[in-house]
file final38.pdb (PDB, C-alpha atoms and all ligand atoms)
ATOM      1  CA  MET A   1     -15.955  -6.942  -1.993
ATOM      2  CA  ILE A   2     -17.682  -3.573  -2.258
ATOM      3  CA  PHE A   3     -15.976  -0.206  -1.820
ATOM      4  CA  ASP A   4     -18.239   2.813  -1.389
ATOM      5  CA  VAL A   5     -16.071   5.853  -2.089
ATOM      6  CA  ILE A   6     -17.143   9.297  -0.923
ATOM      7  CA  THR A   7     -15.421  11.874  -3.141
ATOM      8  CA  ILE A   8     -16.042  15.170  -4.904
ATOM      9  CA  PHE A   9     -13.750  13.861  -7.716
ATOM     10  CA  PRO A  10     -15.116  10.432  -8.770
ATOM     11  CA  ASP A  11     -13.690  10.844 -12.289
ATOM     12  CA  ILE A  12     -10.146  10.470 -10.906
ATOM     13  CA  PHE A  13     -10.964   6.773 -10.265
ATOM     14  CA  LYS A  14     -12.597   5.900 -13.572
ATOM     15  CA  SER A  15      -9.611   5.092 -15.820
ATOM     16  CA  PHE A  16      -7.758   3.541 -12.881
ATOM     17  CA  LEU A  17     -10.602   1.028 -12.483
ATOM     18  CA  ALA A  18     -11.057   0.522 -16.233
ATOM     19  CA  GLU A  19      -7.634  -1.054 -16.880
ATOM     20  CA  SER A  20      -5.891  -4.361 -16.372
ATOM     21  CA  LEU A  21      -6.525  -6.621 -13.371
ATOM     22  CA  LEU A  22      -8.888  -4.241 -11.543
ATOM     23  CA  ALA A  23     -11.169  -4.030 -14.598
ATOM     24  CA  LYS A  24     -11.156  -7.852 -14.861
ATOM     25  CA  ALA A  25     -11.966  -8.213 -11.150
ATOM     26  CA  ILE A  26     -14.928  -5.852 -11.552
ATOM     27  CA  GLU A  27     -16.072  -7.823 -14.618
ATOM     28  CA  LYS A  28     -15.791 -11.089 -12.619
ATOM     29  CA  ASN A  29     -17.838  -9.551  -9.751
ATOM     30  CA  ILE A  30     -14.931 -10.051  -7.336
ATOM     31  CA  LEU A  31     -14.841  -6.295  -6.844
ATOM     32  CA  GLU A  32     -17.343  -3.451  -6.992
ATOM     33  CA  VAL A  33     -16.499   0.238  -6.527
ATOM     34  CA  ARG A  34     -19.363   2.711  -6.138
ATOM     35  CA  PHE A  35     -19.269   6.466  -5.727
ATOM     36  CA  THR A  36     -21.188   9.016  -3.701
ATOM     37  CA  ASN A  37     -20.466  12.700  -4.328
ATOM     38  CA  PRO A  38     -21.038  15.119  -1.419
ATOM     39  CA  ARG A  39     -21.754  17.850  -3.988
ATOM     40  CA  ASP A  40     -24.940  15.977  -4.944
ATOM     41  CA  PHE A  41     -26.102  16.485  -1.337
ATOM     42  CA  ALA A  42     -25.331  20.208  -1.107
ATOM     43  CA  ALA A  43     -28.408  22.371  -0.557
ATOM     44  CA  ASP A  44     -27.277  25.514  -2.387
ATOM     45  CA  ARG A  45     -27.301  26.407  -6.083
ATOM     46  CA  HIS A  46     -23.526  26.128  -6.387
ATOM     47  CA  HIS A  47     -23.340  22.708  -4.665
ATOM     48  CA  THR A  48     -20.792  24.102  -2.207
ATOM     49  CA  ALA A  49     -18.687  21.413  -0.493
ATOM     50  CA  ASP A  50     -16.199  23.609   1.441
ATOM     51  CA  ASP A  51     -16.197  26.519   3.880
ATOM     52  CA  ARG A  52     -13.775  28.763   5.814
ATOM     53  CA  PRO A  53     -12.153  27.391   8.987
ATOM     54  CA  TYR A  54     -13.335  28.622  12.381
ATOM     55  CA  GLY A  55     -10.417  30.435  14.016
ATOM     56  CA  GLY A  56      -9.151  31.673  10.684
ATOM     57  CA  GLY A  57      -6.023  30.666   8.845
ATOM     58  CA  PRO A  58      -5.316  29.460   5.323
ATOM     59  CA  GLY A  59      -7.234  26.880   3.360
ATOM     60  CA  MET A  60     -10.786  25.584   3.401
ATOM     61  CA  VAL A  61     -12.514  22.754   5.277
ATOM     62  CA  MET A  62     -15.006  20.256   3.870
ATOM     63  CA  LYS A  63     -18.461  21.383   4.897
ATOM     64  CA  PRO A  64     -20.138  18.902   7.294
ATOM     65  CA  GLU A  65     -23.771  18.718   6.061
ATOM     66  CA  PRO A  66     -23.262  17.474   2.459
ATOM     67  CA  LEU A  67     -20.445  15.142   3.529
ATOM     68  CA  ALA A  68     -22.518  13.612   6.354
ATOM     69  CA  ALA A  69     -25.476  13.157   4.001
ATOM     70  CA  ALA A  70     -23.191  11.439   1.457
ATOM     71  CA  ILE A  71     -21.745   9.081   4.093
ATOM     72  CA  GLU A  72     -25.252   8.208   5.306
ATOM     73  CA  ALA A  73     -26.518   7.610   1.774
ATOM     74  CA  ALA A  74     -23.544   5.357   0.961
ATOM     75  CA  SER A  75     -23.939   3.468   4.246
ATOM     76  CA  ALA A  76     -27.586   2.774   3.413
ATOM     77  CA  ARG A  77     -26.622   1.128   0.091
ATOM     78  CA  GLY A  78     -26.335  -2.302   1.706
ATOM     79  CA  ALA A  79     -27.046  -4.365   4.773
ATOM     80  CA  GLY A  80     -25.092  -4.236   8.018
ATOM     81  CA  ARG A  81     -22.621  -1.673   9.249
ATOM     82  CA  PRO A  82     -19.639  -1.264   6.873
ATOM     83  CA  ARG A  83     -16.366  -0.045   8.392
ATOM     84  CA  ARG A  84     -15.905   3.648   7.603
ATOM     85  CA  ILE A  85     -12.373   4.736   6.831
ATOM     86  CA  TYR A  86     -11.150   8.307   6.356
ATOM     87  CA  LEU A  87      -7.996   8.613   4.239
ATOM     88  CA  SER A  88      -6.149  11.194   6.308
ATOM     89  CA  PRO A  89      -2.579  12.524   6.563
ATOM     90  CA  SER A  90      -3.028  12.211  10.347
ATOM     91  CA  GLY A  91      -4.076   8.539  10.183
ATOM     92  CA  ARG A  92      -2.157   5.383  11.013
ATOM     93  CA  ARG A  93       0.199   4.244   8.278
ATOM     94  CA  LEU A  94      -1.241   1.641   5.885
ATOM     95  CA  THR A  95       0.639  -1.674   6.115
ATOM     96  CA  GLN A  96       0.318  -5.020   4.356
ATOM     97  CA  GLU A  97      -1.023  -6.384   7.661
ATOM     98  CA  LYS A  98      -3.829  -3.786   7.614
ATOM     99  CA  VAL A  99      -4.469  -4.517   3.920
ATOM    100  CA  GLU A 100      -4.897  -8.213   4.799
ATOM    101  CA  GLU A 101      -7.355  -7.320   7.560
ATOM    102  CA  LEU A 102      -9.397  -5.082   5.240
ATOM    103  CA  SER A 103      -9.486  -7.725   2.470
ATOM    104  CA  GLY A 104     -11.526  -9.884   4.860
ATOM    105  CA  LEU A 105     -14.303  -7.293   5.191
ATOM    106  CA  GLY A 106     -17.170  -7.504   2.729
ATOM    107  CA  ARG A 107     -17.736  -3.783   2.343
ATOM    108  CA  LEU A 108     -15.828  -0.609   3.160
ATOM    109  CA  ILE A 109     -16.731   3.069   3.054
ATOM    110  CA  LEU A 110     -13.755   5.212   2.028
ATOM    111  CA  VAL A 111     -14.030   8.940   2.699
ATOM    112  CA  CYS A 112     -11.695  11.125   0.623
ATOM    113  CA  GLY A 113     -10.920  14.600   1.922
ATOM    114  CA  ARG A 114      -9.979  17.635  -0.154
ATOM    115  CA  TYR A 115      -8.780  21.080   0.947
ATOM    116  CA  GLU A 116      -7.470  20.989   4.562
ATOM    117  CA  GLY A 117      -9.676  18.008   5.360
ATOM    118  CA  LEU A 118     -12.930  17.188   7.176
ATOM    119  CA  ASP A 119     -14.720  19.076   9.943
ATOM    120  CA  GLN A 120     -13.678  17.143  13.080
ATOM    121  CA  ARG A 121     -17.318  16.496  14.014
ATOM    122  CA  VAL A 122     -17.820  14.413  10.855
ATOM    123  CA  ILE A 123     -14.813  12.327  11.903
ATOM    124  CA  ASP A 124     -16.160  12.009  15.462
ATOM    125  CA  LEU A 125     -19.652  11.015  14.298
ATOM    126  CA  PHE A 126     -18.968   8.766  11.304
ATOM    127  CA  ILE A 127     -15.378   7.520  11.066
ATOM    128  CA  ASP A 128     -14.145   4.234  12.563
ATOM    129  CA  GLU A 129     -10.540   4.506  11.460
ATOM    130  CA  GLU A 130      -8.143   7.048   9.875
ATOM    131  CA  ILE A 131      -5.521   5.718   7.478
ATOM    132  CA  SER A 132      -2.528   7.485   5.863
ATOM    133  CA  ILE A 133      -0.414   5.987   3.070
ATOM    134  CA  GLY A 134       2.842   7.548   4.294
ATOM    135  CA  ASP A 135       4.643  10.614   5.532
ATOM    136  CA  TYR A 136       4.465  12.820   2.449
ATOM    137  CA  VAL A 137       1.818  15.222   1.202
ATOM    138  CA  VAL A 138      -0.636  14.645  -1.651
ATOM    139  CA  ASN A 139      -3.575  16.856  -2.569
ATOM    140  CA  GLY A 140      -6.427  14.755  -1.240
ATOM    141  CA  GLY A 141      -7.645  11.290  -0.289
ATOM    142  CA  GLU A 142      -8.317  10.043  -3.826
ATOM    143  CA  ALA A 143      -4.808   8.764  -4.702
ATOM    144  CA  PRO A 144      -4.487   7.172  -1.218
ATOM    145  CA  ALA A 145      -7.926   5.520  -1.680
ATOM    146  CA  MET A 146      -6.773   4.055  -5.009
ATOM    147  CA  VAL A 147      -3.679   2.655  -3.291
ATOM    148  CA  LEU A 148      -5.857   1.069  -0.591
ATOM    149  CA  ILE A 149      -8.341  -0.364  -3.122
ATOM    150  CA  GLU A 150      -5.632  -1.876  -5.343
ATOM    151  CA  ALA A 151      -3.619  -3.337  -2.446
ATOM    152  CA  THR A 152      -6.792  -4.842  -0.916
ATOM    153  CA  ALA A 153      -8.415  -6.097  -4.134
ATOM    154  CA  ARG A 154      -5.344  -8.073  -5.204
ATOM    155  CA  LEU A 155      -5.727 -10.242  -2.085
ATOM    156  CA  LEU A 156      -9.318 -11.224  -2.948
ATOM    157  CA  PRO A 157      -9.801 -14.864  -3.992
ATOM    158  CA  GLY A 158      -9.661 -15.159  -7.802
ATOM    159  CA  PHE A 159      -8.071 -11.750  -8.378
ATOM    160  CA  MET A 160      -4.770 -13.184  -9.568
ATOM    161  CA  GLY A 161      -3.599 -16.464 -11.079
ATOM    162  CA  LYS A 162      -1.878 -19.180  -9.086
ATOM    163  CA  MET A 163       1.660 -18.130 -10.019
ATOM    164  CA  GLU A 164       1.239 -14.657  -8.575
ATOM    165  CA  SER A 165      -0.216 -15.921  -5.321
ATOM    166  CA  ALA A 166       2.843 -18.129  -4.847
ATOM    167  CA  ALA A 167       5.080 -15.132  -5.528
ATOM    168  CA  GLU A 168       3.073 -13.211  -2.946
ATOM    169  CA  GLU A 169       3.937 -15.775  -0.278
ATOM    170  CA  SER A 170       7.651 -15.473  -0.947
ATOM    171  CA  HIS A 171       7.423 -11.676  -0.833
ATOM    172  CA  GLN A 172       5.747 -11.872   2.552
ATOM    173  CA  SER A 173       8.862 -13.566   3.947
ATOM    174  CA  GLY A 174       9.663 -10.118   5.353
ATOM    175  CA  LEU A 175      12.587  -9.546   2.993
ATOM    176  CA  LEU A 176      12.889  -7.346  -0.074
ATOM    177  CA  GLU A 177      12.697  -9.215  -3.365
ATOM    178  CA  TYR A 178      15.689 -10.642  -5.204
ATOM    179  CA  PRO A 179      16.591  -8.981  -8.558
ATOM    180  CA  HIS A 180      14.879 -10.304 -11.693
ATOM    181  CA  TYR A 181      16.451 -10.954 -15.114
ATOM    182  CA  THR A 182      15.092 -12.013 -18.501
ATOM    183  CA  ARG A 183      16.554 -12.365 -22.030
ATOM    184  CA  PRO A 184      18.875 -11.342 -23.619
ATOM    185  CA  PRO A 185      21.853 -12.840 -21.723
ATOM    186  CA  GLU A 186      23.846  -9.669 -22.370
ATOM    187  CA  PHE A 187      22.242  -6.224 -22.370
ATOM    188  CA  ARG A 188      24.302  -3.061 -23.008
ATOM    189  CA  GLY A 189      27.410  -4.653 -21.597
ATOM    190  CA  LEU A 190      25.747  -6.200 -18.545
ATOM    191  CA  GLY A 191      25.412  -9.954 -18.103
ATOM    192  CA  VAL A 192      23.134 -12.126 -15.955
ATOM    193  CA  PRO A 193      24.364 -13.718 -12.681
ATOM    194  CA  GLU A 194      25.791 -17.079 -13.789
ATOM    195  CA  ARG A 195      24.073 -19.167 -11.136
ATOM    196  CA  LEU A 196      20.667 -18.210 -12.612
ATOM    197  CA  LEU A 197      21.699 -19.859 -15.899
ATOM    198  CA  SER A 198      22.924 -23.140 -14.339
ATOM    199  CA  GLY A 199      19.562 -24.942 -14.338
ATOM    200  CA  ASP A 200      20.307 -26.048 -10.750
ATOM    201  CA  HIS A 201      17.041 -25.040  -9.039
ATOM    202  CA  LYS A 202      18.398 -25.479  -5.518
ATOM    203  CA  ASP A 203      21.380 -23.270  -6.274
ATOM    204  CA  VAL A 204      19.097 -20.685  -7.926
ATOM    205  CA  ALA A 205      17.017 -20.633  -4.702
ATOM    206  CA  ARG A 206      20.188 -20.135  -2.625
ATOM    207  CA  TRP A 207      21.355 -17.300  -4.900
ATOM    208  CA  ARG A 208      17.972 -15.597  -4.679
ATOM    209  CA  LEU A 209      17.864 -15.862  -0.880
ATOM    210  CA  ALA A 210      21.387 -14.420  -0.629
ATOM    211  CA  ALA A 211      20.489 -11.607  -3.044
ATOM    212  CA  ALA A 212      17.277 -10.829  -1.129
ATOM    213  CA  LEU A 213      19.160 -10.756   2.174
ATOM    214  CA  ALA A 214      21.940  -8.552   0.749
ATOM    215  CA  ARG A 215      19.413  -6.114  -0.672
ATOM    216  CA  THR A 216      17.435  -5.994   2.591
ATOM    217  CA  LEU A 217      20.595  -5.504   4.629
ATOM    218  CA  ARG A 218      21.647  -2.639   2.368
ATOM    219  CA  GLU A 219      18.309  -0.853   1.819
ATOM    220  CA  ARG A 220      16.091  -1.770   4.796
ATOM    221  CA  PRO A 221      18.260  -3.189   7.632
ATOM    222  CA  GLU A 222      15.464  -2.614  10.170
ATOM    223  CA  MET A 223      13.367  -5.241   8.340
ATOM    224  CA  LEU A 224      15.833  -8.002   9.247
ATOM    225  CA  ALA A 225      14.994  -7.798  12.949
ATOM    226  CA  LYS A 226      11.316  -8.427  12.176
ATOM    227  CA  ALA A 227      11.868 -11.027   9.443
ATOM    228  CA  GLY A 228      11.612 -14.643  10.453
ATOM    229  CA  VAL A 229      15.167 -15.431   9.409
ATOM    230  CA  SER A 230      15.324 -19.029   8.212
ATOM    231  CA  PRO A 231      18.199 -21.428   9.041
ATOM    232  CA  GLU A 232      19.454 -21.105   5.440
ATOM    233  CA  ALA A 233      19.412 -17.311   5.749
ATOM    234  CA  LEU A 234      21.320 -17.478   9.040
ATOM    235  CA  LYS A 235      24.168 -19.289   7.244
ATOM    236  CA  ILE A 236      24.376 -16.580   4.570
ATOM    237  CA  LEU A 237      23.945 -13.475   6.733
ATOM    238  CA  PRO A 238      27.357 -13.364   8.443
ATOM    239  CA  HIS A 239      29.058 -13.458   5.022
ATOM    240  CA  LEU A 240      26.883 -10.574   3.861
ATOM    241  CA  TYR A 241      27.647  -8.511   6.956
ATOM    242  CA  ARG A 242      31.341  -9.110   6.304
ATOM    243  CA  ALA A 243      31.060  -8.162   2.615
ATOM    244  CA  GLU A 244      29.010  -5.089   3.499
ATOM    245  CA  ALA A 245      31.496  -3.905   6.136
ATOM    246  CA  ALA A 246      34.417  -4.540   3.787
ATOM    247  CA  ALA A 247      32.688  -2.596   0.989
ATOM    248  CA  ALA A 248      32.117   0.263   3.423
ATOM    249  CA  GLY A 249      35.853   0.313   4.180
ATOM    250  CA  ARG A 250      35.564  -1.002   7.731
ATOM    251  CA  PRO A 251      38.014  -3.934   7.855
ATOM    252  CA  ALA A 252      37.695  -4.407  11.624
ATOM    253  CA  ALA A 253      33.913  -4.482  11.375
ATOM    254  CA  ALA A 254      34.246  -6.959   8.520
ATOM    255  CA  LYS A 255      36.344  -9.242  10.723
ATOM    256  CA  ASN A 256      33.846  -9.140  13.587
ATOM    257  CA  ALA A 257      30.764  -9.234  11.412
ATOM    258  CA  ALA A 258      30.409 -13.013  11.532
ATOM    259  CA  LYS A 259      29.904 -12.904  15.298
ATOM    260  CA  ARG A 260      27.192 -10.252  15.293
ATOM    261  CA  SER A 261      23.538 -11.124  15.695
ATOM    262  CA  VAL A 262      20.681 -10.014  13.443
ATOM    263  CA  ALA A 263      19.023  -8.113  16.294
ATOM    264  CA  LYS A 264      22.173  -6.136  17.046
ATOM    265  CA  LYS A 265      22.561  -5.018  13.431
ATOM    266  CA  SER A 266      19.217  -3.201  13.375
TER     267      SER A 266
HETATM  268  C1  LIG B 301      -2.455  17.068   2.991
HETATM  269  C2  LIG B 301      -4.649  17.916   3.399
HETATM  270  C3  LIG B 301      -1.935  17.990   3.902
HETATM  271  C4  LIG B 301      -4.129  18.840   4.295
HETATM  272  C5  LIG B 301      -1.337  16.253   9.750
HETATM  273  C6  LIG B 301      -0.215  16.589   9.053
HETATM  274  C7  LIG B 301      -5.082  11.378   2.704
HETATM  275  C8  LIG B 301      -2.845  11.936   2.569
HETATM  276  C9  LIG B 301      -4.201  12.400   2.450
HETATM  277  C10 LIG B 301      -3.811  17.053   2.730
HETATM  278  C11 LIG B 301      -2.758  18.885   4.543
HETATM  279  C12 LIG B 301      -2.795  10.591   2.931
HETATM  280  C13 LIG B 301      -1.849  17.763   8.295
HETATM  281  C14 LIG B 301      -0.487  10.539   2.984
HETATM  282  C15 LIG B 301      -1.565  12.605   2.420
HETATM  283  C16 LIG B 301      -4.732  13.730   2.136
HETATM  284  C17 LIG B 301      -4.382  16.101   1.728
HETATM  285  C18 LIG B 301      -2.220  19.963   5.429
HETATM  286  C19 LIG B 301      -2.648  18.720   7.457
HETATM  287  N1  LIG B 301      -2.346  17.003   9.257
HETATM  288  N2  LIG B 301      -1.619   9.878   3.146
HETATM  289  N3  LIG B 301      -0.581  17.534   8.162
HETATM  290  N4  LIG B 301      -0.448  11.856   2.637
HETATM  291  N5  LIG B 301      -3.903  14.737   1.905
HETATM  292  N6  LIG B 301      -1.801  19.589   6.714
HETATM  293  O1  LIG B 301      -1.442  13.757   2.090
HETATM  294  O2  LIG B 301      -5.922  13.908   2.112
HETATM  295  S1  LIG B 301      -4.340   9.929   3.104
END
call {"tool": "encode", "arguments": {"input": "final38.pdb", "output": "structure tokens", "more": "lines below"}}
Ligand code: 21W
result
Amino acid sequence: MIFDVITIFPDIFKSFLAESLLAKAIEKNILEVRFTNPRDFAADRHHTADDRPYGGGPGMVMKPEPLAAAIEAASARGAGRPRRIYLSPSGRRLTQEKVEELSGLGRLILVCGRYEGLDQRVIDLFIDEEISIGDYVVNGGEAPAMVLIEATARLLPGFMGKMESAAEESHQSGLLEYPHYTRPPEFRGLGVPERLLSGDHKDVARWRLAAALARTLRERPEMLAKAGVSPEALKILPHLYRAEAAAAGRPAAAKNAAKRSVAKKS
């Protein structure tokens, strides 16, 4: 898969792509990341990439001509019509579902904004889709583009070993992950849940499912409505609701918890 990144700060990406699994994927030709810098397309001596906003107000806007030229140059670096994505705080939130969709495309153009963002006409003329990584503010599209590249690349065939792909499937059950433990058996006064030490693989699986459900119920209850709750999970959930309500000091709720449905909870 090829990513063509449009950015005035390509150096931000260099060490990120030079380490660990991403570097190996690039070496194995699973992944290629190329850069086009709008500054290289600026007509003036100072390679100006920004300008003052029409209507006044604070901040600067990315100047349309060099940016458009950069997007066109990057688009021409291959056959076909690559999807053009603008990393934008006003975009749709990136989800694992979207990441899966993007991992099936052979080439993407990622446009990173700086300052207050792009001139709207560049968006109207060149951008297929605007994507945000979440409702918080960062300084530009580069960190969000790295998030998108890493999340997408790890789904490409051959990126990871077999063990990790199996783990991926279990994570995509729609629940948060169960807690992990390794040696030593006691660390600074804390032990390891006994059932993980039993060697009984079926019981370990039951413990992990219960732990994943408890964690999801506590941290992300809204996920339970969407999760395809398995028959095994359905047996465990009422007990967790009861324990949760009891821990929260709601004895009546604890008593009724067993009768409540998953949908009602969230
Ligand atoms: C942030 C520019 C804020 C301008 C809607 C709400 C790309 C980003 C960015 C930035 C403002 C992403 C506005 C999550 C992000 C990015 C730079 C000022 C504009 N429009 N995902 N606010 N968060 N950020 N207000 O910041 O370029 S994807």
call {"tool": "resolve_selection", "arguments": {"input": "final38.pdb", "expression": "the PyMOL selection byres (((not hetatm)) within 9 of (chain B and resi 301))", "output": "number ranges by chain"}}
result
A: 59, 86-91, 93-94, 112-117, 130-145
call {"tool": "closest_residue", "arguments": {"input": "final38.pdb", "among": "A:Leu105, A:Val111, A:Ala227, A:Ala243", "to": "A:Ala68", "atoms": "all atoms listed in the file"}}
result
A:Val111
call {"tool": "resolve_selection", "arguments": {"input": "final38.pdb", "expression": "the PyMOL selection byres (((chain A and resi 96) around 12) and not hetatm)", "output": "VMD selection string"}}
result
chain A and resid 93 to 95 97 to 103 133 147 to 148 150 to 152 154 to 155 168 171 to 172 174
call {"tool": "resolve_selection", "arguments": {"input": "final38.pdb", "expression": "the PyMOL selection byres (((chain A and resi 26) around 12) and not hetatm)", "output": "ChimeraX atom specification"}}
result
/A:1-3,16-25,27-34,150,153-154,156,158-159
call {"tool": "closest_residue", "arguments": {"input": "final38.pdb", "among": "A:Phe126, A:Tyr178, A:Tyr54, A:Phe35", "to": "A:Ile85", "atoms": "only C-alpha atoms"}}
result
A:Phe126
call {"tool": "atom_distance", "arguments": {"input": "final38.pdb", "atom1": "atom CA of A:Ile6", "atom2": "atom CA of A:Leu110"}}
result
6.1 Å
call {"tool": "atom_distance", "arguments": {"input": "final38.pdb", "atom1": "atom CA of A:Val61", "atom2": "atom CA of A:Phe13"}}
result
22.3 Å
call {"tool": "build_atoms", "arguments": {"input": "final38.pdb", "residues": "stretch 243-251 of chain A", "atoms": "all heavy atoms", "output": "CSV table (one decimal), keeping the file's coordinate frame"}}
result
chain,number,residue,atom,x,y,z
A,243,ALA,N,30.9,-8.8,3.9
A,243,ALA,CA,31.1,-8.2,2.6
A,243,ALA,C,30.6,-6.7,2.7
A,243,ALA,O,31.3,-5.8,2.1
A,243,ALA,CB,30.2,-8.9,1.6
A,244,GLU,N,29.5,-6.5,3.4
A,244,GLU,CA,29.0,-5.1,3.5
A,244,GLU,C,30.0,-4.2,4.2
A,244,GLU,O,30.3,-3.1,3.8
A,244,GLU,CB,27.7,-5.1,4.3
A,244,GLU,CG,26.9,-3.9,4.3
A,244,GLU,CD,26.3,-3.5,3.0
A,244,GLU,OE1,26.4,-4.3,2.0
A,244,GLU,OE2,25.9,-2.4,2.8
A,245,ALA,N,30.5,-4.7,5.3
A,245,ALA,CA,31.5,-3.9,6.1
A,245,ALA,C,32.8,-3.7,5.3
A,245,ALA,O,33.3,-2.6,5.4
A,245,ALA,CB,31.8,-4.6,7.4
A,246,ALA,N,33.2,-4.7,4.6
A,246,ALA,CA,34.4,-4.5,3.8
A,246,ALA,C,34.2,-3.5,2.7
A,246,ALA,O,35.1,-2.6,2.5
A,246,ALA,CB,34.8,-5.9,3.2
A,247,ALA,N,33.0,-3.6,2.1
A,247,ALA,CA,32.7,-2.6,1.0
A,247,ALA,C,32.6,-1.2,1.5
A,247,ALA,O,33.0,-0.2,0.9
A,247,ALA,CB,31.4,-3.0,0.3
A,248,ALA,N,32.2,-1.1,2.8
A,248,ALA,CA,32.1,0.3,3.4
A,248,ALA,C,33.5,0.7,4.0
A,248,ALA,O,33.6,1.8,4.6
A,248,ALA,CB,31.1,0.2,4.5
A,249,GLY,N,34.5,-0.1,3.7
A,249,GLY,CA,35.9,0.3,4.2
A,249,GLY,C,36.0,0.2,5.7
A,249,GLY,O,36.7,1.0,6.3
A,250,ARG,N,35.4,-0.8,6.3
A,250,ARG,CA,35.6,-1.0,7.7
A,250,ARG,C,36.1,-2.4,8.0
A,250,ARG,O,35.4,-3.3,8.3
A,250,ARG,CB,34.2,-0.8,8.4
A,250,ARG,CG,33.7,0.6,8.4
A,250,ARG,CD,32.4,0.9,9.2
A,250,ARG,NE,31.3,0.3,8.4
A,250,ARG,CZ,30.5,-0.6,8.9
A,250,ARG,NH1,30.7,-1.2,10.0
A,250,ARG,NH2,29.5,-1.0,8.1
A,251,PRO,N,37.4,-2.6,7.8
A,251,PRO,CA,38.0,-3.9,7.9
A,251,PRO,C,37.8,-4.6,9.2
A,251,PRO,O,37.6,-5.8,9.3
A,251,PRO,CB,39.5,-3.7,7.6
A,251,PRO,CG,39.7,-2.2,7.7
A,251,PRO,CD,38.4,-1.6,7.4
